[in-house]
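**Student:** First, the structure itself, so that you have it in front of you.
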Amino acid sequence: MAEYVGIDLGTTLSGLAYLKPDGNPEIVPNSDGERLTPSVVFFDSHEDVKLVGSAARDGGEPDRTIFQIKRYMDDPEHLVDIDGKKWTPAEISALILSKLKRDCSKICGDITEVVITVPANFNELARKSTIAAAEMAGMTVKRLVNEPTAAAVYYAHSQGVKGRVLVFDLGGGTLDTTILEVAGDQIKILTSEGARHLGGSNFDDILLEAYAEQYRKQTGTALYTDERHRRRVLQATEDAKKMLSKLQRVNDTVANDQNSGIARIDLTRVEFEAMIRHMLTRTVFLVEQAMDSVNLKPSDIDHVVLVGGSTRIPKVKQLLEKMFGKTPKSCGNVDECVALGAALFAKKSAKIQEVCNASYGTLAMIYNAKTGEEKLANSIVIPKNTPIPCSRSQVYQTSEDNERVIEVDITQGEDEDAKFIDVIGRITLEVPPNRPKGCEIAVTFSYDENQRVRALVVDKQSGRSKEVAVSYKGAGVLSPEELKRRSAHLRAMRIE
Amino acid sequence: MFKILKSLSNSLGGKSAAKKQAAAAKPGSLLDKVNKGAPVAKPEAPKTPEELCGLDPKMDKDQVLAQLKLLFRRYNRSASSLDAQTRHQAEKMLDAIVQMREKHFGEI
């Protein structure tokens with residue numbers, strides 16, 4: 001049995017690593033001989049089989065092929081309809097995890113308990129969906145770990161560094177920036193910031209538009225008219241993007257599916273960098289945001305580490321070099337280090353201090369006695385970057401006489417302005433009648449190692465209390481019973 | 001300074017307890033209601049990137065950068081909202097923020 005296993009469940013690629021007896025992690029290839037498995041699922045219409053990986057990505061029908069399901073893990077309403085059956089994002093992810101488990105266990109032994117990586121800014125629902133996906137695939141999640149944390153663990157292990165490290169993780173679908181301190185075996189995360197929907201696939205889309213524009217200019221017609229052909233061209237743009245990381249210019253020929261002729265595509269690295277410049281400026285903002293949140297200057301950072309396939313783009317390295325005045329380093333294969341770090345994390349988690357990725361609090365009317373001003377604001381109980389696990393309390397007062405029901409909204413976000421935070425749940429507590437306003441209510445938030453939050457509300461006068469874990473409802477959120485039922489169904493499926 | 005608990009639905013008023021509970025179960029739904037009053041949702045919202053970002057010609061470089069960073073933090077968060085309209089508005093704001101950074105501090 002493989003004791004320490006880590007899985008990088010990525011937007012475009014997924015990988016599994018285990019810890020060898022010598023203490024070093026190793027990637028386990030799938031049955032197709034690939035070290036990483038494309039996170040793509042194809043539902044065949046002829047045979048009762050689900051293809052996962054390259055076979056799913058390269059063939060099949062677009063309306064039966066699911067790409068980038070990770071982007072929907074936090075959407076409680078997202079469902080994929082295949083032949084009338086509605087699949088949740090967690091179920092689709094479970095098919096990918098099942099393929100990894102089945103293929104890799106043939107090499108490294110039975111896999112029952114795993115560490116799975118998630119983007120640092122994955123919210124509560126996305127984390128819960130990831131755990132559900134693993135359960136459906138027959139694995140228990142020992143811990144969820146943030147992707148840049150896992151990469152940093154691998155970097156520290158393989159390079160033996162110490163000091164302050166900034167991890168810049170630009171993957172297929174997300175950007176994460178994490179700052180941490182390494183001292184020997186001890187790792188202390190200081191902060192993580194993330195941007196959703198900022199990654200390599202956004203660059204592919206931009207290149208796709210450039211291809212379509214050049215095709216239109218040369219032939220006067222559209223490059224693609226259906227999803228199947230769009231996917232083919234998208235694959236070509238991804239290849240061109242990779243070549244532009246090595247070459248200054250690429251030439252390609254493309255045709256549409258209407259026999260409208262062939263167009264010659266000519267692209268230079270300079271043109272590509274100009275196309276993605278706005279996206280890269282966002283990455284600079286995010287790095288600055290991470291630095292500001294822990295009051296650090298670029299000169300305070302000892303090492304800049306690159307993670308994720310999109311960091312192969314030369315302009316990304318140049319930007320970071322300019323910001324920090326030092327050459328960013330890669331920790332081996334930028335696509336594999338997250339899975340490798342997750343396997344290490346499975347063993348070393350006790351030596352790694354993580355922090356809250358977001359602030360948690362409630363909505364309160366804040367009165368300023370000096371100015372007499374009052375405003376509805378997000379009142380933070382646990383600030384972002386508090387070391388976890390943790391628990392914090394704040395005492396509030398009731399606002400009206402004879403208030404019978406206390407409603408406490410659970411908020412997630414740093415902004416004081418309620419318009420810019422998420423309300424992720426609510427606790428409703430019945431209290432005794434005929435009390436004046438101003439009764440004290442204690443609100444306590446607890447944050448566990450998997451970055452999951454619980455809230456406790458206590459009416460101090462009556463002692464009544466209620467505690468909840470944040471929970472979600474929606475078509476795509478499975479009840480425990482449904483999860484059990486679908487797990488059994490999924491394990492009986494043919495997954496190749 | 002003291003703090004009084006205020007449920008978002010109470011502060012906005014007009015919903016039955018049952019409806020409130022149903023709404024609370026879905027993340028984002030309450031925030032959507034708040035967002036109805038957000039500046040970006042108003043049709044009369046300013047049109048130029050400067051106006052969208054609230055930049056004043058009198059601001060010095062430090063103030064401009066601080067304002068752009070504040071807005072980036074806000075709208076980067078909104079860009080991952082479950083609500084498509086909020087995401088769309090956030091993307092427009094992020095474009096404006098990037099444009100203003102390039103104007104005031106040069107291209108990267």
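Order determines the names: the first chain of the structure tokens is A, the second B, and so forth; residues in each chain are numbered 1 upward, and ligands are numbered 1 upward as they are shown.
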Give me, as a PDB file with N, CA, C and O atoms, in the first residue's frame, the contact residues of chain A against chain B at a cut-off of 9 Å, counting only C-alpha atoms.
**Tutor:**
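As written to disk, selection.pdb reads:
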ATOM      1  N   ASP A  74     -16.926  25.336  -7.615  1.00  0.00           N
ATOM      2  CA  ASP A  74     -17.578  26.186  -6.611  1.00  0.00           C
ATOM      3  C   ASP A  74     -18.961  26.647  -7.065  1.00  0.00           C
ATOM      4  O   ASP A  74     -19.527  27.549  -6.458  1.00  0.00           O
ATOM      5  N   ASP A  75     -19.480  26.039  -8.110  1.00  0.00           N
ATOM      6  CA  ASP A  75     -20.791  26.463  -8.602  1.00  0.00           C
ATOM      7  C   ASP A  75     -21.841  25.419  -8.208  1.00  0.00           C
ATOM      8  O   ASP A  75     -21.888  24.330  -8.795  1.00  0.00           O
ATOM      9  N   PRO A  76     -22.678  25.741  -7.225  1.00  0.00           N
ATOM     10  CA  PRO A  76     -23.634  24.734  -6.745  1.00  0.00           C
ATOM     11  C   PRO A  76     -24.715  24.386  -7.768  1.00  0.00           C
ATOM     12  O   PRO A  76     -25.426  23.395  -7.607  1.00  0.00           O
ATOM     13  N   LEU A 125     -17.014  25.845  -0.813  1.00  0.00           N
ATOM     14  CA  LEU A 125     -17.762  24.872  -1.609  1.00  0.00           C
ATOM     15  C   LEU A 125     -16.824  24.076  -2.516  1.00  0.00           C
ATOM     16  O   LEU A 125     -16.964  22.856  -2.652  1.00  0.00           O
ATOM     17  N   GLY A 194      -4.846  34.800  -4.794  1.00  0.00           N
ATOM     18  CA  GLY A 194      -5.148  34.064  -6.019  1.00  0.00           C
ATOM     19  C   GLY A 194      -6.022  34.842  -6.974  1.00  0.00           C
ATOM     20  O   GLY A 194      -6.743  35.759  -6.582  1.00  0.00           O
ATOM     21  N   ALA A 195      -5.915  34.489  -8.230  1.00  0.00           N
ATOM     22  CA  ALA A 195      -6.812  35.052  -9.255  1.00  0.00           C
ATOM     23  C   ALA A 195      -7.405  33.876 -10.022  1.00  0.00           C
ATOM     24  O   ALA A 195      -6.670  33.042 -10.555  1.00  0.00           O
ATOM     25  N   ARG A 196      -8.710  33.820 -10.001  1.00  0.00           N
ATOM     26  CA  ARG A 196      -9.375  32.744 -10.736  1.00  0.00           C
ATOM     27  C   ARG A 196      -9.428  33.155 -12.200  1.00  0.00           C
ATOM     28  O   ARG A 196      -9.424  34.325 -12.547  1.00  0.00           O
ATOM     29  N   HIS A 197      -9.513  32.190 -13.052  1.00  0.00           N
ATOM     30  CA  HIS A 197      -9.674  32.442 -14.486  1.00  0.00           C
ATOM     31  C   HIS A 197      -8.538  33.310 -15.037  1.00  0.00           C
ATOM     32  O   HIS A 197      -8.758  34.193 -15.837  1.00  0.00           O
ATOM     33  N   ARG A 277      -0.356  41.092 -22.544  1.00  0.00           N
ATOM     34  CA  ARG A 277       0.226  42.071 -21.617  1.00  0.00           C
ATOM     35  C   ARG A 277      -0.741  42.457 -20.493  1.00  0.00           C
ATOM     36  O   ARG A 277      -0.359  42.536 -19.322  1.00  0.00           O
ATOM     37  N   HIS A 278      -2.005  42.671 -20.868  1.00  0.00           N
ATOM     38  CA  HIS A 278      -2.974  43.082 -19.842  1.00  0.00           C
ATOM     39  C   HIS A 278      -3.153  41.994 -18.776  1.00  0.00           C
ATOM     40  O   HIS A 278      -3.282  42.298 -17.588  1.00  0.00           O
ATOM     41  N   MET A 279      -3.146  40.742 -19.216  1.00  0.00           N
ATOM     42  CA  MET A 279      -3.283  39.648 -18.248  1.00  0.00           C
ATOM     43  C   MET A 279      -2.051  39.605 -17.339  1.00  0.00           C
ATOM     44  O   MET A 279      -2.165  39.365 -16.127  1.00  0.00           O
ATOM     45  N   LEU A 280      -0.897  39.849 -17.922  1.00  0.00           N
ATOM     46  CA  LEU A 280       0.329  39.815 -17.116  1.00  0.00           C
ATOM     47  C   LEU A 280       0.384  40.975 -16.120  1.00  0.00           C
ATOM     48  O   LEU A 280       0.925  40.832 -15.020  1.00  0.00           O
ATOM     49  N   THR A 281      -0.189  42.106 -16.513  1.00  0.00           N
ATOM     50  CA  THR A 281      -0.235  43.224 -15.561  1.00  0.00           C
ATOM     51  C   THR A 281      -1.079  42.834 -14.343  1.00  0.00           C
ATOM     52  O   THR A 281      -0.781  43.216 -13.209  1.00  0.00           O
ATOM     53  N   ARG A 282      -2.106  42.041 -14.584  1.00  0.00           N
ATOM     54  CA  ARG A 282      -2.908  41.562 -13.445  1.00  0.00           C
ATOM     55  C   ARG A 282      -2.063  40.693 -12.513  1.00  0.00           C
ATOM     56  O   ARG A 282      -2.231  40.717 -11.302  1.00  0.00           O
ATOM     57  N   VAL A 284       1.024  41.074 -11.918  1.00  0.00           N
ATOM     58  CA  VAL A 284       1.883  41.986 -11.131  1.00  0.00           C
ATOM     59  C   VAL A 284       1.081  42.547  -9.948  1.00  0.00           C
ATOM     60  O   VAL A 284       1.558  42.589  -8.808  1.00  0.00           O
ATOM     61  N   PHE A 285      -0.157  42.943 -10.226  1.00  0.00           N
ATOM     62  CA  PHE A 285      -1.029  43.425  -9.149  1.00  0.00           C
ATOM     63  C   PHE A 285      -1.149  42.369  -8.041  1.00  0.00           C
ATOM     64  O   PHE A 285      -1.116  42.686  -6.853  1.00  0.00           O
ATOM     65  N   LEU A 286      -1.313  41.128  -8.468  1.00  0.00           N
ATOM     66  CA  LEU A 286      -1.545  40.073  -7.475  1.00  0.00           C
ATOM     67  C   LEU A 286      -0.301  39.828  -6.606  1.00  0.00           C
ATOM     68  O   LEU A 286      -0.420  39.619  -5.394  1.00  0.00           O
ATOM     69  N   GLU A 288       1.935  42.084  -5.919  1.00  0.00           N
ATOM     70  CA  GLU A 288       2.011  43.247  -5.023  1.00  0.00           C
ATOM     71  C   GLU A 288       1.000  43.111  -3.876  1.00  0.00           C
ATOM     72  O   GLU A 288       1.295  43.466  -2.734  1.00  0.00           O
ATOM     73  N   GLN A 289      -0.176  42.583  -4.211  1.00  0.00           N
ATOM     74  CA  GLN A 289      -1.208  42.392  -3.187  1.00  0.00           C
ATOM     75  C   GLN A 289      -0.707  41.442  -2.094  1.00  0.00           C
ATOM     76  O   GLN A 289      -0.907  41.682  -0.900  1.00  0.00           O
ATOM     77  N   LEU A 319       9.377  39.575 -16.006  1.00  0.00           N
ATOM     78  CA  LEU A 319       8.610  40.452 -15.118  1.00  0.00           C
ATOM     79  C   LEU A 319       9.021  40.275 -13.666  1.00  0.00           C
ATOM     80  O   LEU A 319       9.245  41.237 -12.935  1.00  0.00           O
ATOM     81  N   THR A 362     -18.881  38.739  10.230  1.00  0.00           N
ATOM     82  CA  THR A 362     -20.328  38.866  10.093  1.00  0.00           C
ATOM     83  C   THR A 362     -20.671  40.312   9.734  1.00  0.00           C
ATOM     84  O   THR A 362     -19.809  41.193   9.755  1.00  0.00           O
ATOM     85  N   LEU A 363     -21.918  40.518   9.404  1.00  0.00           N
ATOM     86  CA  LEU A 363     -22.355  41.867   9.078  1.00  0.00           C
ATOM     87  C   LEU A 363     -22.832  42.545  10.361  1.00  0.00           C
ATOM     88  O   LEU A 363     -23.597  41.951  11.127  1.00  0.00           O
ATOM     89  N   ALA A 364     -22.389  43.731  10.569  1.00  0.00           N
ATOM     90  CA  ALA A 364     -22.778  44.448  11.792  1.00  0.00           C
ATOM     91  C   ALA A 364     -22.960  45.928  11.485  1.00  0.00           C
ATOM     92  O   ALA A 364     -22.320  46.468  10.577  1.00  0.00           O
ATOM     93  N   MET A 365     -23.839  46.532  12.265  1.00  0.00           N
ATOM     94  CA  MET A 365     -23.996  47.978  12.171  1.00  0.00           C
ATOM     95  C   MET A 365     -22.937  48.580  13.096  1.00  0.00           C
ATOM     96  O   MET A 365     -22.959  48.339  14.304  1.00  0.00           O
ATOM     97  N   ILE A 366     -22.020  49.288  12.541  1.00  0.00           N
ATOM     98  CA  ILE A 366     -20.920  49.842  13.335  1.00  0.00           C
ATOM     99  C   ILE A 366     -21.247  51.296  13.686  1.00  0.00           C
ATOM    100  O   ILE A 366     -21.478  52.120  12.797  1.00  0.00           O
ATOM    101  N   TYR A 367     -21.281  51.571  14.984  1.00  0.00           N
ATOM    102  CA  TYR A 367     -21.521  52.944  15.451  1.00  0.00           C
ATOM    103  C   TYR A 367     -20.202  53.548  15.902  1.00  0.00           C
ATOM    104  O   TYR A 367     -19.469  52.934  16.675  1.00  0.00           O
ATOM    105  N   ASN A 368     -19.928  54.731  15.447  1.00  0.00           N
ATOM    106  CA  ASN A 368     -18.736  55.438  15.901  1.00  0.00           C
ATOM    107  C   ASN A 368     -19.190  56.520  16.878  1.00  0.00           C
ATOM    108  O   ASN A 368     -19.840  57.494  16.487  1.00  0.00           O
ATOM    109  N   ALA A 369     -18.885  56.312  18.147  1.00  0.00           N
ATOM    110  CA  ALA A 369     -19.376  57.217  19.196  1.00  0.00           C
ATOM    111  C   ALA A 369     -18.852  58.643  19.014  1.00  0.00           C
ATOM    112  O   ALA A 369     -19.541  59.601  19.343  1.00  0.00           O
ATOM    113  N   LYS A 370     -17.658  58.769  18.483  1.00  0.00           N
ATOM    114  CA  LYS A 370     -17.060  60.092  18.308  1.00  0.00           C
ATOM    115  C   LYS A 370     -17.773  60.892  17.228  1.00  0.00           C
ATOM    116  O   LYS A 370     -18.096  62.070  17.398  1.00  0.00           O
ATOM    117  N   LEU A 376     -23.519  49.910   7.899  1.00  0.00           N
ATOM    118  CA  LEU A 376     -23.501  48.455   7.815  1.00  0.00           C
ATOM    119  C   LEU A 376     -22.157  48.049   7.221  1.00  0.00           C
ATOM    120  O   LEU A 376     -21.785  48.531   6.156  1.00  0.00           O
ATOM    121  N   SER A 379     -17.806  42.976   9.547  1.00  0.00           N
ATOM    122  CA  SER A 379     -17.031  42.979  10.777  1.00  0.00           C
ATOM    123  C   SER A 379     -16.219  41.686  10.845  1.00  0.00           C
ATOM    124  O   SER A 379     -16.772  40.594  11.006  1.00  0.00           O
ATOM    125  N   VAL A 395     -17.777  39.925  20.423  1.00  0.00           N
ATOM    126  CA  VAL A 395     -19.095  40.106  21.058  1.00  0.00           C
ATOM    127  C   VAL A 395     -19.832  41.258  20.381  1.00  0.00           C
ATOM    128  O   VAL A 395     -19.261  42.328  20.147  1.00  0.00           O
ATOM    129  N   TYR A 396     -21.099  41.003  20.069  1.00  0.00           N
ATOM    130  CA  TYR A 396     -21.955  42.016  19.425  1.00  0.00           C
ATOM    131  C   TYR A 396     -23.168  42.259  20.317  1.00  0.00           C
ATOM    132  O   TYR A 396     -23.383  41.557  21.318  1.00  0.00           O
ATOM    133  N   GLN A 397     -23.983  43.234  19.927  1.00  0.00           N
ATOM    134  CA  GLN A 397     -25.209  43.514  20.678  1.00  0.00           C
ATOM    135  C   GLN A 397     -26.414  43.405  19.767  1.00  0.00           C
ATOM    136  O   GLN A 397     -26.309  43.696  18.567  1.00  0.00           O
ATOM    137  N   THR A 398     -27.551  43.033  20.368  1.00  0.00           N
ATOM    138  CA  THR A 398     -28.777  42.972  19.564  1.00  0.00           C
ATOM    139  C   THR A 398     -29.248  44.402  19.274  1.00  0.00           C
ATOM    140  O   THR A 398     -28.973  45.334  20.033  1.00  0.00           O
ATOM    141  N   SER A 399     -29.996  44.552  18.174  1.00  0.00           N
ATOM    142  CA  SER A 399     -30.330  45.900  17.709  1.00  0.00           C
ATOM    143  C   SER A 399     -31.734  46.364  18.098  1.00  0.00           C
ATOM    144  O   SER A 399     -32.019  47.558  18.038  1.00  0.00           O
ATOM    145  N   ILE A 406     -32.127  35.720  16.460  1.00  0.00           N
ATOM    146  CA  ILE A 406     -30.861  36.362  16.098  1.00  0.00           C
ATOM    147  C   ILE A 406     -30.364  35.710  14.812  1.00  0.00           C
ATOM    148  O   ILE A 406     -30.243  34.480  14.745  1.00  0.00           O
ATOM    149  N   GLU A 407     -30.121  36.509  13.832  1.00  0.00           N
ATOM    150  CA  GLU A 407     -29.606  35.971  12.563  1.00  0.00           C
ATOM    151  C   GLU A 407     -28.189  36.495  12.351  1.00  0.00           C
ATOM    152  O   GLU A 407     -27.972  37.712  12.342  1.00  0.00           O
ATOM    153  N   VAL A 408     -27.275  35.582  12.200  1.00  0.00           N
ATOM    154  CA  VAL A 408     -25.874  35.966  12.021  1.00  0.00           C
ATOM    155  C   VAL A 408     -25.411  35.512  10.635  1.00  0.00           C
ATOM    156  O   VAL A 408     -25.358  34.315  10.345  1.00  0.00           O
ATOM    157  N   ASP A 409     -25.116  36.458   9.781  1.00  0.00           N
ATOM    158  CA  ASP A 409     -24.586  36.132   8.461  1.00  0.00           C
ATOM    159  C   ASP A 409     -23.104  35.827   8.579  1.00  0.00           C
ATOM    160  O   ASP A 409     -22.377  36.530   9.284  1.00  0.00           O
ATOM    161  N   GLY A 413     -14.280  37.450   3.226  1.00  0.00           N
ATOM    162  CA  GLY A 413     -13.706  38.548   2.445  1.00  0.00           C
ATOM    163  C   GLY A 413     -13.116  39.603   3.348  1.00  0.00           C
ATOM    164  O   GLY A 413     -13.501  39.739   4.508  1.00  0.00           O
ATOM    165  N   GLU A 414     -12.188  40.363   2.774  1.00  0.00           N
ATOM    166  CA  GLU A 414     -11.437  41.343   3.569  1.00  0.00           C
ATOM    167  C   GLU A 414     -12.070  42.724   3.556  1.00  0.00           C
ATOM    168  O   GLU A 414     -11.796  43.539   4.427  1.00  0.00           O
ATOM    169  N   ASP A 415     -12.883  42.997   2.547  1.00  0.00           N
ATOM    170  CA  ASP A 415     -13.398  44.350   2.370  1.00  0.00           C
ATOM    171  C   ASP A 415     -14.368  44.718   3.480  1.00  0.00           C
ATOM    172  O   ASP A 415     -15.198  43.913   3.891  1.00  0.00           O
ATOM    173  N   ALA A 418     -19.757  45.849   2.469  1.00  0.00           N
ATOM    174  CA  ALA A 418     -20.499  44.597   2.314  1.00  0.00           C
ATOM    175  C   ALA A 418     -20.755  44.219   0.856  1.00  0.00           C
ATOM    176  O   ALA A 418     -21.048  43.060   0.558  1.00  0.00           O
ATOM    177  N   LYS A 419     -20.628  45.170  -0.045  1.00  0.00           N
ATOM    178  CA  LYS A 419     -20.867  44.867  -1.462  1.00  0.00           C
ATOM    179  C   LYS A 419     -19.753  44.003  -2.044  1.00  0.00           C
ATOM    180  O   LYS A 419     -19.918  43.388  -3.078  1.00  0.00           O
ATOM    181  N   PHE A 420     -18.610  43.999  -1.388  1.00  0.00           N
ATOM    182  CA  PHE A 420     -17.459  43.317  -1.972  1.00  0.00           C
ATOM    183  C   PHE A 420     -17.016  42.095  -1.169  1.00  0.00           C
ATOM    184  O   PHE A 420     -15.842  41.720  -1.182  1.00  0.00           O
ATOM    185  N   ILE A 421     -17.945  41.513  -0.436  1.00  0.00           N
ATOM    186  CA  ILE A 421     -17.628  40.268   0.269  1.00  0.00           C
ATOM    187  C   ILE A 421     -18.715  39.238  -0.076  1.00  0.00           C
ATOM    188  O   ILE A 421     -19.741  39.576  -0.645  1.00  0.00           O
ATOM    189  N   ASP A 422     -18.472  37.983   0.280  1.00  0.00           N
ATOM    190  CA  ASP A 422     -19.465  36.931   0.057  1.00  0.00           C
ATOM    191  C   ASP A 422     -20.131  36.579   1.377  1.00  0.00           C
ATOM    192  O   ASP A 422     -19.465  36.465   2.409  1.00  0.00           O
ATOM    193  N   VAL A 423     -21.459  36.416   1.330  1.00  0.00           N
ATOM    194  CA  VAL A 423     -22.166  35.884   2.493  1.00  0.00           C
ATOM    195  C   VAL A 423     -22.315  34.390   2.231  1.00  0.00           C
ATOM    196  O   VAL A 423     -23.001  33.982   1.301  1.00  0.00           O
ATOM    197  N   ILE A 424     -21.610  33.572   3.005  1.00  0.00           N
ATOM    198  CA  ILE A 424     -21.528  32.149   2.679  1.00  0.00           C
ATOM    199  C   ILE A 424     -22.414  31.285   3.578  1.00  0.00           C
ATOM    200  O   ILE A 424     -22.441  30.074   3.421  1.00  0.00           O
ATOM    201  N   GLY A 425     -23.130  31.900   4.489  1.00  0.00           N
ATOM    202  CA  GLY A 425     -24.026  31.107   5.316  1.00  0.00           C
ATOM    203  C   GLY A 425     -24.694  31.964   6.367  1.00  0.00           C
ATOM    204  O   GLY A 425     -24.449  33.171   6.456  1.00  0.00           O
ATOM    205  N   ARG A 426     -25.572  31.338   7.137  1.00  0.00           N
ATOM    206  CA  ARG A 426     -26.258  32.092   8.189  1.00  0.00           C
ATOM    207  C   ARG A 426     -26.619  31.163   9.346  1.00  0.00           C
ATOM    208  O   ARG A 426     -26.977  30.010   9.139  1.00  0.00           O
ATOM    209  N   THR A 428     -29.242  30.936  12.558  1.00  0.00           N
ATOM    210  CA  THR A 428     -30.446  31.517  13.139  1.00  0.00           C
ATOM    211  C   THR A 428     -30.614  30.935  14.540  1.00  0.00           C
ATOM    212  O   THR A 428     -30.653  29.715  14.703  1.00  0.00           O
ATOM    213  N   GLY A 438     -29.551  45.473  22.928  1.00  0.00           N
ATOM    214  CA  GLY A 438     -28.238  45.605  23.567  1.00  0.00           C
ATOM    215  C   GLY A 438     -27.786  44.341  24.273  1.00  0.00           C
ATOM    216  O   GLY A 438     -26.761  44.358  24.956  1.00  0.00           O
ATOM    217  N   ILE A 441     -24.219  39.073  22.257  1.00  0.00           N
ATOM    218  CA  ILE A 441     -24.159  37.838  21.465  1.00  0.00           C
ATOM    219  C   ILE A 441     -22.695  37.611  21.091  1.00  0.00           C
ATOM    220  O   ILE A 441     -22.059  38.483  20.492  1.00  0.00           O
ATOM    221  N   SER A 471     -22.499  25.253   5.080  1.00  0.00           N
ATOM    222  CA  SER A 471     -23.016  24.249   4.150  1.00  0.00           C
ATOM    223  C   SER A 471     -23.712  24.946   2.994  1.00  0.00           C
ATOM    224  O   SER A 471     -24.123  26.092   3.099  1.00  0.00           O
ATOM    225  N   TYR A 472     -23.823  24.239   1.917  1.00  0.00           N
ATOM    226  CA  TYR A 472     -24.387  24.823   0.708  1.00  0.00           C
ATOM    227  C   TYR A 472     -25.519  23.946   0.192  1.00  0.00           C
ATOM    228  O   TYR A 472     -25.529  22.745   0.387  1.00  0.00           O
ATOM    229  N   LYS A 473     -26.446  24.598  -0.484  1.00  0.00           N
ATOM    230  CA  LYS A 473     -27.491  23.852  -1.170  1.00  0.00           C
ATOM    231  C   LYS A 473     -27.501  24.291  -2.618  1.00  0.00           C
ATOM    232  O   LYS A 473     -27.196  25.430  -2.935  1.00  0.00           O
ATOM    233  N   GLY A 474     -27.857  23.387  -3.475  1.00  0.00           N
ATOM    234  CA  GLY A 474     -27.903  23.706  -4.898  1.00  0.00           C
ATOM    235  C   GLY A 474     -27.996  22.400  -5.654  1.00  0.00           C
ATOM    236  O   GLY A 474     -27.687  21.332  -5.099  1.00  0.00           O
TER     237      GLY A 474
END
**Student:** Quick one: pick out all strand (DSSP E or B) residues within segment 28-195 of chain A from a backbone DSSP run and write them as a PyMOL selection string.
**Tutor:** chain A and resi 37-38+40-43+50-52+65-67+80-82+85-87+113-118+140-146+163-170+174-183+186-195
**Student:** Neighbouring residues of segment 226-229 of chain A were defined as those with any atom within 10 Å, considering only C-alpha atoms; residues of the same chain fewer than 3 positions away were excluded. Please report them as JSON, numbers by chain.
**Tutor:** {"A": [59, 60, 61, 62, 63, 223, 232, 233, 234, 235, 255, 256, 257]}
**Student:** Please provide the set of residues having any atom within 12 Å of Arg392 of chain A, restricted to only C-alpha atoms, with same-chain residues fewer than 4 positions apart removed, written as JSON, numbers by chain.
**Tutor:** {"A": [359, 360, 361, 380, 381, 382, 383, 386, 387, 388, 442, 443, 444, 445, 446, 447, 453, 454, 455, 456, 457]}
**Student:** Using only C-alpha atoms, which residues sit within 12 Å of Lys347 of chain A once same-chain residues fewer than 4 positions away are excluded, as a list in words?
**Tutor:**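 In the requested form, the answer reads Ala2, Glu3, Tyr4, Val5, Gly6, Tyr18, Leu19, Lys20, Pro21, Gly23, Asn24, Pro25, Glu113, Val114, Val115, Lys142, Arg143, Ala150, Val153, Asp185, Leu340, Gly341, Ala342, Ala343, Lys351 and Ile352 of chain A.
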**Student:** Please identify which residues in segment 127-330 of chain A DSSP calls helix (DSSP H, G or I) from the backbone, and express them as a ChimeraX atom specification.
**Tutor:** /A:127-136,147-159,200-219,227-244,269-275,277-293,298-300,309-312,314-324
**Student:** To one decimal place in Å, what is the distance between atom CA of Leu144 of chain A and atom CA of Glu481 of chain A?
**Tutor:**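 According to the coordinates, atom CA of Leu144 of chain A and atom CA of Glu481 of chain A are separated by 22.8 Å.
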**Student:** Between atom CA of Ile131 of chain A and atom CA of Ile189 of chain A, what is the distance, to one decimal in Å?
**Tutor:** 22.4 Å
